Amino acid sequence: MQHSRRKFIRKGLAATAAIPLISSGLLSCKTKTTNSLSILILGGTSFLGPNQIKYALERGHKVAIFTRGKTQPNVNKTVFDNVEHLVGDRENNLKALENRKWDVVIDNSGHKATWTKKTAELLKETCGLYLYTSSTGVYFPYKTDDIKENQKLVLKMPEVLEDEILKLEYGYGVMKANSELEAINAFGKERTIIVRPTYMFGPGDKTDRFIHWPIRLAKGGEILVPGKTNDPVQYIDVRDVAEFMIRLAEDKAVGTYNVVGPSEQETMLAFINKTKDTFNAENSIIQIDDYDFLKEHNIYYLIPWIMQDEYNYGSARINNRLALKTGLTFRDIKTSIKETHNWWYSDNLTDKRRAEVETNNSSVLVRERELIKIWKER
Ligand SMILES: NC(=O)c1ccc[n+]([C@@H]2O[C@H](COP(=O)([O-])OP(=O)(O)OC[C@H]3O[C@@H](n4cnc5c(N)ncnc54)[C@H](OP(=O)(O)O)[C@@H]3O)[C@@H](O)[C@H]2O)c1
């Protein structure tokens with residue numbers, strides 16, 4: 001059971017190399033508000049990057065990206081015409097970054113602490129700020145609630161860990177926590193910004209974690225909602241993260257931020273109640289609150305909902321007050337869901353990619369009707 005529960009997380013990990021925020025001066029409008037910055041994005045062609053690039057260009061900044069040239073964006077493709085593309089490999093080839101200067105380095109592709117150490121050391125004399133994209137995964141295992149930025153982090157893997165998926169979850173958190181330290185060691189606290197986003201969703205998502213809801217809500221009918229009445233959820237539109245990051249850089253708002261939505265604590269039921277009429281479809285909620293039933297049918301999570309077990313108790317209880325005070329804003333959730341739905345059915349994706357999700361026999365999407373029938377007859 002434990003293993004199956006973690007399969008879903010492993011998929012997220014594989015896809016993102018990860019599971020599973022001024023004062024009032026930070027403005028959310030798209031017009032240029034500060035001097036033009038030169039920004040280097042390490043990564044930039046996956047999920048967060050294309051959204052950072054679009055917003056940065058709209059605000060008059062110059063952008064260069066550094067990748068191996070393998071990953072192709074599936075959103076905002078045209079913005080790449082206005083971006084300098086540097087090619088190399090964080091593992092062993094940083095030549096393209098040598099003797100170059102930028103105001104800000106955004107490290108999205110930090111998949112190893114040694115990668116962050118090498119780039120931060122290389123760039124610390126010539127670049128102004130280092131903005132490291134971390135994750136709320138640094139708080140794993142999520143044992144408490146109201147998790148603030150100053151929570152003590154796990155920096156070493158536990159010596160004995162038999163569950164392979166637990167190893168991955170700890171591994172991701174430990175890697176992100178050590179990477180944060182490498183950035184700070186090289187640039188100093190006074191020149192480092194750390195952002196820790198929760199689960200991101202939106203156009204361009206390559207993890208296929210959240211797309212269940214846009215697809216499902218658009219269809220109508222009886223909709224399976226897992227979780228107990230008070231189970232909390234947290235999530236954020238990738239564009240809200242991307243735009244907040246650029247504004248933090250403009251304002252040199254150094255520090256560490258939990259980048260987490262929505263603004264107030266929310267339950268899974270409240271999330272569904274506020275989104276169920278997003279489309280022109282009648283949805284009625286079938287809440288399945290029996291954890292044993294959910295485990296028996298391999299439903300350990302359906303992001304943003306995650307079963308509240310001993311490791312995940314606090315995963316949706318992260319404190320976002322500092323980011324809110326510093327200017328983090330949120331799109332309207334229904335608009336975000338509609339736009340994500342439009343992107344999913346656009347030419348940015350192939351029919352094959354859509355079919356992989358929509359006809360996956362192990363998914364709740366495919367099993368939903370049968371599961372509801374069994375639930376009602378139990
Ligand atoms: N998705 C979420 O819900 C979530 C939540 C919290 C935090 N995060 C964090 O958000 C960040 C951004 O995620 P993302 O999905 O946009 O991108 P990502 O998967 O972290 O990075 C992909 C980018 O890195 C480049 N890259 C990969 N390996 C490379 C290498 N060896 N050398 C140089 N470049 C390399 C890729 O291009 P090439 O393949 O062409 O090299 C691509 O541009 C990640 O750090 C992730 O941990 C994600």
# chains A, B, ... in the order shown; residues from 1 in each chain; ligands from 1
$ closest_atom_pairs --of "chain A" --to "ligand 1" --cutoff "7 Å" --atoms "only C-alpha atoms and all ligand atoms" --output "JSON lines"
{"residue": "A:Ala15", "atom": "CA", "partner": "ligand 1", "partner_atom_place_in_ligand_line": "19 (O)", "distance": 6.9}
{"residue": "A:Thr16", "atom": "CA", "partner": "ligand 1", "partner_atom_place_in_ligand_line": "19 (O)", "distance": 4.4}
{"residue": "A:Ala17", "atom": "CA", "partner": "ligand 1", "partner_atom_place_in_ligand_line": "47 (O)", "distance": 6.0}
{"residue": "A:Ala18", "atom": "CA", "partner": "ligand 1", "partner_atom_place_in_ligand_line": "47 (O)", "distance": 4.9}
{"residue": "A:Ile19", "atom": "CA", "partner": "ligand 1", "partner_atom_place_in_ligand_line": "5 (C)", "distance": 6.9}
{"residue": "A:Leu42", "atom": "CA", "partner": "ligand 1", "partner_atom_place_in_ligand_line": "34 (N)", "distance": 6.4}
{"residue": "A:Gly43", "atom": "CA", "partner": "ligand 1", "partner_atom_place_in_ligand_line": "43 (O)", "distance": 3.4}
{"residue": "A:Gly44", "atom": "CA", "partner": "ligand 1", "partner_atom_place_in_ligand_line": "43 (O)", "distance": 4.3}
{"residue": "A:Thr45", "atom": "CA", "partner": "ligand 1", "partner_atom_place_in_ligand_line": "43 (O)", "distance": 3.8}
{"residue": "A:Ser46", "atom": "CA", "partner": "ligand 1", "partner_atom_place_in_ligand_line": "16 (O)", "distance": 4.4}
{"residue": "A:Phe47", "atom": "CA", "partner": "ligand 1", "partner_atom_place_in_ligand_line": "16 (O)", "distance": 3.6}
{"residue": "A:Leu48", "atom": "CA", "partner": "ligand 1", "partner_atom_place_in_ligand_line": "16 (O)", "distance": 3.8}
{"residue": "A:Gly49", "atom": "CA", "partner": "ligand 1", "partner_atom_place_in_ligand_line": "16 (O)", "distance": 5.4}
{"residue": "A:Phe66", "atom": "CA", "partner": "ligand 1", "partner_atom_place_in_ligand_line": "34 (N)", "distance": 6.0}
{"residue": "A:Thr67", "atom": "CA", "partner": "ligand 1", "partner_atom_place_in_ligand_line": "34 (N)", "distance": 3.6}
{"residue": "A:Arg68", "atom": "CA", "partner": "ligand 1", "partner_atom_place_in_ligand_line": "41 (O)", "distance": 3.5}
{"residue": "A:Gly69", "atom": "CA", "partner": "ligand 1", "partner_atom_place_in_ligand_line": "40 (O)", "distance": 3.7}
{"residue": "A:Lys70", "atom": "CA", "partner": "ligand 1", "partner_atom_place_in_ligand_line": "40 (O)", "distance": 3.4}
{"residue": "A:Thr71", "atom": "CA", "partner": "ligand 1", "partner_atom_place_in_ligand_line": "40 (O)", "distance": 3.8}
{"residue": "A:Gln72", "atom": "CA", "partner": "ligand 1", "partner_atom_place_in_ligand_line": "40 (O)", "distance": 6.8}
{"residue": "A:Gly88", "atom": "CA", "partner": "ligand 1", "partner_atom_place_in_ligand_line": "33 (C)", "distance": 5.9}
{"residue": "A:Asp89", "atom": "CA", "partner": "ligand 1", "partner_atom_place_in_ligand_line": "32 (N)", "distance": 3.5}
{"residue": "A:Arg90", "atom": "CA", "partner": "ligand 1", "partner_atom_place_in_ligand_line": "32 (N)", "distance": 3.8}
{"residue": "A:Glu91", "atom": "CA", "partner": "ligand 1", "partner_atom_place_in_ligand_line": "31 (N)", "distance": 5.3}
{"residue": "A:Asn108", "atom": "CA", "partner": "ligand 1", "partner_atom_place_in_ligand_line": "45 (O)", "distance": 4.4}
{"residue": "A:Ser109", "atom": "CA", "partner": "ligand 1", "partner_atom_place_in_ligand_line": "20 (O)", "distance": 4.1}
{"residue": "A:Gly110", "atom": "CA", "partner": "ligand 1", "partner_atom_place_in_ligand_line": "45 (O)", "distance": 5.4}
{"residue": "A:His111", "atom": "CA", "partner": "ligand 1", "partner_atom_place_in_ligand_line": "45 (O)", "distance": 6.5}
{"residue": "A:Thr133", "atom": "CA", "partner": "ligand 1", "partner_atom_place_in_ligand_line": "45 (O)", "distance": 5.2}
{"residue": "A:Ser134", "atom": "CA", "partner": "ligand 1", "partner_atom_place_in_ligand_line": "7 (C)", "distance": 5.6}
{"residue": "A:Ser135", "atom": "CA", "partner": "ligand 1", "partner_atom_place_in_ligand_line": "7 (C)", "distance": 4.1}
{"residue": "A:Thr136", "atom": "CA", "partner": "ligand 1", "partner_atom_place_in_ligand_line": "6 (C)", "distance": 6.4}
{"residue": "A:Arg196", "atom": "CA", "partner": "ligand 1", "partner_atom_place_in_ligand_line": "7 (C)", "distance": 6.4}
{"residue": "A:Pro197", "atom": "CA", "partner": "ligand 1", "partner_atom_place_in_ligand_line": "6 (C)", "distance": 4.4}
{"residue": "A:Thr198", "atom": "CA", "partner": "ligand 1", "partner_atom_place_in_ligand_line": "6 (C)", "distance": 5.0}
{"residue": "A:Tyr199", "atom": "CA", "partner": "ligand 1", "partner_atom_place_in_ligand_line": "3 (O)", "distance": 3.8}
{"residue": "A:Met200", "atom": "CA", "partner": "ligand 1", "partner_atom_place_in_ligand_line": "3 (O)", "distance": 3.8}
{"residue": "A:Phe201", "atom": "CA", "partner": "ligand 1", "partner_atom_place_in_ligand_line": "3 (O)", "distance": 6.5}
{"residue": "A:Lys206", "atom": "CA", "partner": "ligand 1", "partner_atom_place_in_ligand_line": "15 (O)", "distance": 6.9}
{"residue": "A:Thr207", "atom": "CA", "partner": "ligand 1", "partner_atom_place_in_ligand_line": "1 (N)", "distance": 6.7}
$ write_last_selection --atoms "N, CA and C atoms" --output "tab-separated table (two decimals), in the first residue's frame"
chain	number	residue	atom	x	y	z
A	15	ALA	N	9.10	13.52	-13.41
A	15	ALA	CA	8.79	14.56	-14.38
A	15	ALA	C	9.45	15.89	-14.03
A	16	THR	N	9.61	16.17	-12.75
A	16	THR	CA	10.10	17.50	-12.39
A	16	THR	C	11.43	17.41	-11.69
A	17	ALA	N	11.95	16.23	-11.55
A	17	ALA	CA	13.09	15.98	-10.70
A	17	ALA	C	12.72	16.43	-9.29
A	18	ALA	N	11.49	16.35	-8.94
A	18	ALA	CA	11.00	16.83	-7.65
A	18	ALA	C	9.59	16.35	-7.40
A	19	ILE	N	9.12	16.20	-6.16
A	19	ILE	CA	7.70	15.90	-5.95
A	19	ILE	C	6.89	17.16	-6.18
A	42	LEU	N	18.93	29.58	-15.64
A	42	LEU	CA	19.49	28.24	-15.77
A	42	LEU	C	18.30	27.31	-15.91
A	43	GLY	N	18.11	26.73	-17.09
A	43	GLY	CA	16.86	26.04	-17.43
A	43	GLY	C	16.06	26.99	-18.30
A	44	GLY	N	14.76	27.00	-18.13
A	44	GLY	CA	13.96	28.01	-18.83
A	44	GLY	C	13.05	27.47	-19.91
A	45	THR	N	13.23	26.22	-20.31
A	45	THR	CA	12.40	25.71	-21.42
A	45	THR	C	11.34	24.72	-20.96
A	46	SER	N	11.17	24.57	-19.65
A	46	SER	CA	10.22	23.56	-19.19
A	46	SER	C	8.90	24.21	-18.78
A	47	PHE	N	8.61	24.33	-17.52
A	47	PHE	CA	7.29	24.75	-17.04
A	47	PHE	C	7.31	26.18	-16.48
A	48	LEU	N	8.18	26.38	-15.51
A	48	LEU	CA	8.28	27.70	-14.87
A	48	LEU	C	8.96	28.71	-15.81
A	49	GLY	N	10.02	28.25	-16.48
A	49	GLY	CA	10.84	29.14	-17.31
A	49	GLY	C	10.07	29.93	-18.36
A	66	PHE	N	20.14	29.00	-20.26
A	66	PHE	CA	21.23	28.02	-20.37
A	66	PHE	C	20.64	26.62	-20.22
A	67	THR	N	20.70	25.83	-21.29
A	67	THR	CA	20.18	24.45	-21.26
A	67	THR	C	21.07	23.56	-22.14
A	68	ARG	N	20.75	22.28	-22.15
A	68	ARG	CA	21.46	21.37	-23.06
A	68	ARG	C	20.87	21.43	-24.46
A	69	GLY	N	19.71	22.08	-24.61
A	69	GLY	CA	19.06	22.15	-25.93
A	69	GLY	C	18.19	20.94	-26.19
A	70	LYS	N	17.80	20.23	-25.15
A	70	LYS	CA	16.97	19.03	-25.36
A	70	LYS	C	15.49	19.29	-25.12
A	71	THR	N	15.16	19.97	-24.04
A	71	THR	CA	13.75	20.16	-23.66
A	71	THR	C	13.12	21.28	-24.47
A	72	GLN	N	11.98	20.97	-25.09
A	72	GLN	CA	11.27	21.99	-25.88
A	72	GLN	C	10.08	22.51	-25.09
A	88	GLY	N	24.98	24.22	-22.95
A	88	GLY	CA	26.01	23.56	-22.15
A	88	GLY	C	25.36	22.48	-21.32
A	89	ASP	N	26.03	22.08	-20.26
A	89	ASP	CA	25.48	21.02	-19.41
A	89	ASP	C	25.90	21.29	-17.98
A	90	ARG	N	24.95	21.35	-17.09
A	90	ARG	CA	25.29	21.67	-15.69
A	90	ARG	C	26.16	20.59	-15.07
A	91	GLU	N	26.15	19.44	-15.66
A	91	GLU	CA	26.97	18.35	-15.13
A	91	GLU	C	28.45	18.59	-15.39
A	108	ASN	N	16.60	27.55	-12.09
A	108	ASN	CA	15.42	26.66	-12.11
A	108	ASN	C	15.82	25.21	-12.18
A	109	SER	N	16.95	24.94	-12.85
A	109	SER	CA	17.28	23.55	-13.18
A	109	SER	C	18.24	22.94	-12.17
A	110	GLY	N	18.19	23.41	-10.93
A	110	GLY	CA	19.10	22.88	-9.90
A	110	GLY	C	18.66	21.52	-9.42
A	111	HIS	N	19.12	20.50	-10.09
A	111	HIS	CA	18.70	19.15	-9.73
A	111	HIS	C	19.71	18.44	-8.84
A	133	THR	N	15.39	28.47	-7.27
A	133	THR	CA	14.04	27.90	-7.23
A	133	THR	C	14.08	26.61	-6.43
A	134	SER	N	13.65	26.72	-5.19
A	134	SER	CA	13.62	25.56	-4.32
A	134	SER	C	12.21	24.97	-4.34
A	135	SER	N	11.73	24.49	-3.22
A	135	SER	CA	10.42	23.83	-3.17
A	135	SER	C	10.00	23.69	-1.72
A	136	THR	N	8.67	23.60	-1.50
A	136	THR	CA	8.24	23.27	-0.14
A	136	THR	C	8.64	21.83	0.20
A	196	ARG	N	10.32	28.92	-2.41
A	196	ARG	CA	9.90	27.54	-2.16
A	196	ARG	C	8.43	27.39	-2.58
A	197	PRO	N	8.18	27.07	-3.88
A	197	PRO	CA	6.79	26.90	-4.32
A	197	PRO	C	6.20	25.58	-3.84
A	198	THR	N	4.88	25.59	-3.66
A	198	THR	CA	4.16	24.34	-3.46
A	198	THR	C	3.85	23.75	-4.83
A	199	TYR	N	2.90	22.82	-4.92
A	199	TYR	CA	2.54	22.24	-6.23
A	199	TYR	C	2.09	23.33	-7.19
A	200	MET	N	2.75	23.38	-8.33
A	200	MET	CA	2.37	24.37	-9.34
A	200	MET	C	1.50	23.70	-10.38
A	201	PHE	N	0.56	24.47	-10.92
A	201	PHE	CA	-0.24	23.96	-12.03
A	201	PHE	C	-0.39	25.09	-13.03
A	206	LYS	N	4.28	19.83	-17.20
A	206	LYS	CA	4.70	18.55	-17.77
A	206	LYS	C	4.50	17.39	-16.81
A	207	THR	N	4.00	17.66	-15.61
A	207	THR	CA	3.88	16.58	-14.62
A	207	THR	C	2.57	15.81	-14.72
$ residues_around --residues "Ile211 of chain A" --least-positions-apart "5" --cutoff "10 Å" --atoms "only C-alpha atoms" --output "VMD selection string"
chain A and resid 201 to 203 205 to 206 216 302 to 303 337 340 to 341 344 357 to 358
$ closest_residue --among "A:Phe293, A:Phe271, A:Tyr313, A:Phe80" --to "Ile147 of chain A" --atoms "only C-alpha atoms"
A:Tyr313
$ residues_around --residues "Thr192 of chain A" --least-positions-apart "6" --cutoff "6 Å" --atoms "only C-alpha atoms" --output "NGL selection string"
:A and (129-131 or 184 or 254)
$ write_last_selection --atoms "C-alpha atoms" --output "PDB file, in the first residue's frame"
ATOM      1  CA  LEU A 129      21.715  38.278  -7.371  1.00  0.00           C
ATOM      2  CA  TYR A 130      21.204  34.511  -7.263  1.00  0.00           C
ATOM      3  CA  LEU A 131      17.569  33.430  -7.193  1.00  0.00           C
ATOM      4  CA  ILE A 184      23.914  31.396   0.017  1.00  0.00           C
ATOM      5  CA  VAL A 254      16.499  38.997  -0.679  1.00  0.00           C
TER       6      VAL A 254
END
$ select_by_dssp --residues "segment 233-323 of chain A" --states "alpha helix (DSSP H)" --output "ChimeraX atom specification"
/A:238-250,268-275,291-296,321-323
$ write_last_selection --atoms "C-alpha atoms" --output "PDB file, in the first residue's frame"
ATOM      1  CA  VAL A 238       2.829  28.621 -12.169  1.00  0.00           C
ATOM      2  CA  ARG A 239       2.400  32.152 -13.593  1.00  0.00           C
ATOM      3  CA  ASP A 240       1.838  33.581 -10.116  1.00  0.00           C
ATOM      4  CA  VAL A 241       5.134  32.001  -9.045  1.00  0.00           C
ATOM      5  CA  ALA A 242       6.994  33.119 -12.175  1.00  0.00           C
ATOM      6  CA  GLU A 243       5.769  36.729 -11.959  1.00  0.00           C
ATOM      7  CA  PHE A 244       6.433  37.011  -8.230  1.00  0.00           C
ATOM      8  CA  MET A 245       9.993  35.798  -8.805  1.00  0.00           C
ATOM      9  CA  ILE A 246      10.675  38.459 -11.417  1.00  0.00           C
ATOM     10  CA  ARG A 247       9.264  41.173  -9.122  1.00  0.00           C
ATOM     11  CA  LEU A 248      11.398  39.904  -6.224  1.00  0.00           C
ATOM     12  CA  ALA A 249      14.446  40.204  -8.470  1.00  0.00           C
ATOM     13  CA  GLU A 250      13.483  43.729  -9.571  1.00  0.00           C
ATOM     14  CA  MET A 268     -10.394  19.979  -0.644  1.00  0.00           C
ATOM     15  CA  LEU A 269     -14.175  20.249  -0.455  1.00  0.00           C
ATOM     16  CA  ALA A 270     -14.004  24.054  -0.517  1.00  0.00           C
ATOM     17  CA  PHE A 271     -11.668  23.867  -3.532  1.00  0.00           C
ATOM     18  CA  ILE A 272     -14.160  21.724  -5.443  1.00  0.00           C
ATOM     19  CA  ASN A 273     -17.163  23.752  -4.363  1.00  0.00           C
ATOM     20  CA  LYS A 274     -15.592  26.932  -5.682  1.00  0.00           C
ATOM     21  CA  THR A 275     -14.456  25.387  -8.975  1.00  0.00           C
ATOM     22  CA  TYR A 291      -9.089   6.419   3.794  1.00  0.00           C
ATOM     23  CA  ASP A 292      -9.265   2.605   3.852  1.00  0.00           C
ATOM     24  CA  PHE A 293     -11.514   2.612   0.788  1.00  0.00           C
ATOM     25  CA  LEU A 294      -9.202   5.084  -0.958  1.00  0.00           C
ATOM     26  CA  LYS A 295      -6.109   3.005  -0.143  1.00  0.00           C
ATOM     27  CA  GLU A 296      -7.829  -0.166  -1.282  1.00  0.00           C
ATOM     28  CA  ARG A 321       2.250  35.147   5.236  1.00  0.00           C
ATOM     29  CA  LEU A 322       5.707  36.456   4.364  1.00  0.00           C
ATOM     30  CA  ALA A 323       5.133  36.055   0.618  1.00  0.00           C
TER      31      ALA A 323
END
$ closest_residue --among "A:Leu328, A:Val79, A:Val104, A:Ile286" --to "Lys376 of chain A" --atoms "only C-alpha atoms"
A:Ile286
$ residues_around --residues "Leu161 of chain A" --least-positions-apart "6" --cutoff "12 Å" --atoms "only C-alpha atoms" --output "ChimeraX atom specification"
/A:167-171
$ residues_around --residues "Thr114 of chain A" --least-positions-apart "4" --cutoff "10 Å" --atoms "only C-alpha atoms" --output "PyMOL selection string"
chain A and resi 90-91+110+118-120+175+178-179+182
$ closest_residue --among "A:Pro232, A:Pro304, A:Pro226, A:Arg353" --to "Ile372 of chain A" --atoms "only C-alpha atoms"
A:Pro226
$ residues_around --residues "Glu264 of chain A" --least-positions-apart "3" --cutoff "10 Å" --atoms "only C-alpha atoms" --output "list in words"
Gln234, Val260, Gly261, Thr267, Asn319, Asn320 and Arg321 of chain A
$ closest_residue --among "A:Val87, A:Val174, A:Ile106, A:Val364" --to "Gln52 of chain A" --atoms "only C-alpha atoms"
A:Ile106
$ closest_residue --among "A:Ser362, A:Gln287, A:Asn35, A:Asn342" --to "Lys62 of chain A" --atoms "only C-alpha atoms"
A:Asn35
$ closest_residue --among "A:Ala316, A:Leu153, A:Leu97, A:Ile65" --to "Asn82 of chain A" --atoms "only C-alpha atoms"
A:Ile65
$ select_by_dssp --residues "segment 134-254 of chain A" --states "strand (DSSP E)" --output "PDB file with N, CA and C atoms, in the first residue's frame"
ATOM      1  N   THR A 192      21.065  36.725  -2.124  1.00  0.00           N
ATOM      2  CA  THR A 192      20.396  35.476  -2.501  1.00  0.00           C
ATOM      3  C   THR A 192      18.904  35.545  -2.197  1.00  0.00           C
ATOM      4  N   ILE A 193      18.110  35.077  -3.162  1.00  0.00           N
ATOM      5  CA  ILE A 193      16.668  34.930  -2.944  1.00  0.00           C
ATOM      6  C   ILE A 193      16.347  33.444  -3.111  1.00  0.00           C
ATOM      7  N   ILE A 194      15.601  32.901  -2.168  1.00  0.00           N
ATOM      8  CA  ILE A 194      15.179  31.499  -2.254  1.00  0.00           C
ATOM      9  C   ILE A 194      13.657  31.478  -2.322  1.00  0.00           C
ATOM     10  N   VAL A 195      13.107  30.838  -3.358  1.00  0.00           N
ATOM     11  CA  VAL A 195      11.653  30.669  -3.368  1.00  0.00           C
ATOM     12  C   VAL A 195      11.335  29.188  -3.224  1.00  0.00           C
ATOM     13  N   ARG A 196      10.320  28.925  -2.406  1.00  0.00           N
ATOM     14  CA  ARG A 196       9.895  27.539  -2.163  1.00  0.00           C
ATOM     15  C   ARG A 196       8.426  27.390  -2.584  1.00  0.00           C
ATOM     16  N   PRO A 197       8.181  27.067  -3.876  1.00  0.00           N
ATOM     17  CA  PRO A 197       6.789  26.904  -4.315  1.00  0.00           C
ATOM     18  C   PRO A 197       6.205  25.577  -3.841  1.00  0.00           C
ATOM     19  N   MET A 200       2.746  23.378  -8.333  1.00  0.00           N
ATOM     20  CA  MET A 200       2.373  24.373  -9.339  1.00  0.00           C
ATOM     21  C   MET A 200       1.496  23.699 -10.380  1.00  0.00           C
ATOM     22  N   PHE A 201       0.560  24.467 -10.923  1.00  0.00           N
ATOM     23  CA  PHE A 201      -0.242  23.955 -12.032  1.00  0.00           C
ATOM     24  C   PHE A 201      -0.387  25.091 -13.035  1.00  0.00           C
ATOM     25  N   GLY A 221     -21.331  15.729 -14.429  1.00  0.00           N
ATOM     26  CA  GLY A 221     -21.749  14.445 -13.864  1.00  0.00           C
ATOM     27  C   GLY A 221     -21.268  14.296 -12.430  1.00  0.00           C
ATOM     28  N   GLU A 222     -21.335  13.048 -11.950  1.00  0.00           N
ATOM     29  CA  GLU A 222     -20.909  12.796 -10.567  1.00  0.00           C
ATOM     30  C   GLU A 222     -19.392  12.797 -10.494  1.00  0.00           C
ATOM     31  N   ILE A 223     -18.861  13.590  -9.621  1.00  0.00           N
ATOM     32  CA  ILE A 223     -17.418  13.789  -9.590  1.00  0.00           C
ATOM     33  C   ILE A 223     -16.846  13.294  -8.259  1.00  0.00           C
ATOM     34  N   LEU A 224     -15.871  12.381  -8.370  1.00  0.00           N
ATOM     35  CA  LEU A 224     -15.282  11.786  -7.169  1.00  0.00           C
ATOM     36  C   LEU A 224     -14.337  12.784  -6.502  1.00  0.00           C
ATOM     37  N   VAL A 225     -14.596  13.064  -5.231  1.00  0.00           N
ATOM     38  CA  VAL A 225     -13.721  13.978  -4.489  1.00  0.00           C
ATOM     39  C   VAL A 225     -13.153  13.222  -3.286  1.00  0.00           C
ATOM     40  N   PRO A 226     -11.834  12.907  -3.332  1.00  0.00           N
ATOM     41  CA  PRO A 226     -11.273  12.143  -2.225  1.00  0.00           C
ATOM     42  C   PRO A 226     -10.954  13.029  -1.021  1.00  0.00           C
ATOM     43  N   PRO A 232      -6.794  19.652   4.204  1.00  0.00           N
ATOM     44  CA  PRO A 232      -6.422  20.919   3.566  1.00  0.00           C
ATOM     45  C   PRO A 232      -5.754  20.710   2.207  1.00  0.00           C
ATOM     46  N   VAL A 233      -5.798  21.738   1.355  1.00  0.00           N
ATOM     47  CA  VAL A 233      -5.062  21.685   0.083  1.00  0.00           C
ATOM     48  C   VAL A 233      -4.310  23.000  -0.116  1.00  0.00           C
ATOM     49  N   GLN A 234      -3.178  22.921  -0.799  1.00  0.00           N
ATOM     50  CA  GLN A 234      -2.449  24.119  -1.244  1.00  0.00           C
ATOM     51  C   GLN A 234      -1.960  23.884  -2.658  1.00  0.00           C
ATOM     52  N   TYR A 235      -1.895  24.946  -3.439  1.00  0.00           N
ATOM     53  CA  TYR A 235      -1.547  24.854  -4.852  1.00  0.00           C
ATOM     54  C   TYR A 235      -1.270  26.270  -5.329  1.00  0.00           C
ATOM     55  N   ILE A 236      -0.666  26.394  -6.513  1.00  0.00           N
ATOM     56  CA  ILE A 236      -0.453  27.754  -7.043  1.00  0.00           C
ATOM     57  C   ILE A 236      -0.288  27.708  -8.550  1.00  0.00           C
ATOM     58  N   ASP A 237      -0.856  28.697  -9.235  1.00  0.00           N
ATOM     59  CA  ASP A 237      -0.679  28.825 -10.680  1.00  0.00           C
ATOM     60  C   ASP A 237       0.788  29.173 -10.950  1.00  0.00           C
TER      61      ASP A 237
END
$ atom_distance --atom1 "atom CA of Ile333 of chain A" --atom2 "atom CA of Lys276 of chain A"
11.0 Å
$ atom_distance --atom1 "atom CA of His85 of chain A" --atom2 "atom CA of Glu125 of chain A"
21.7 Å
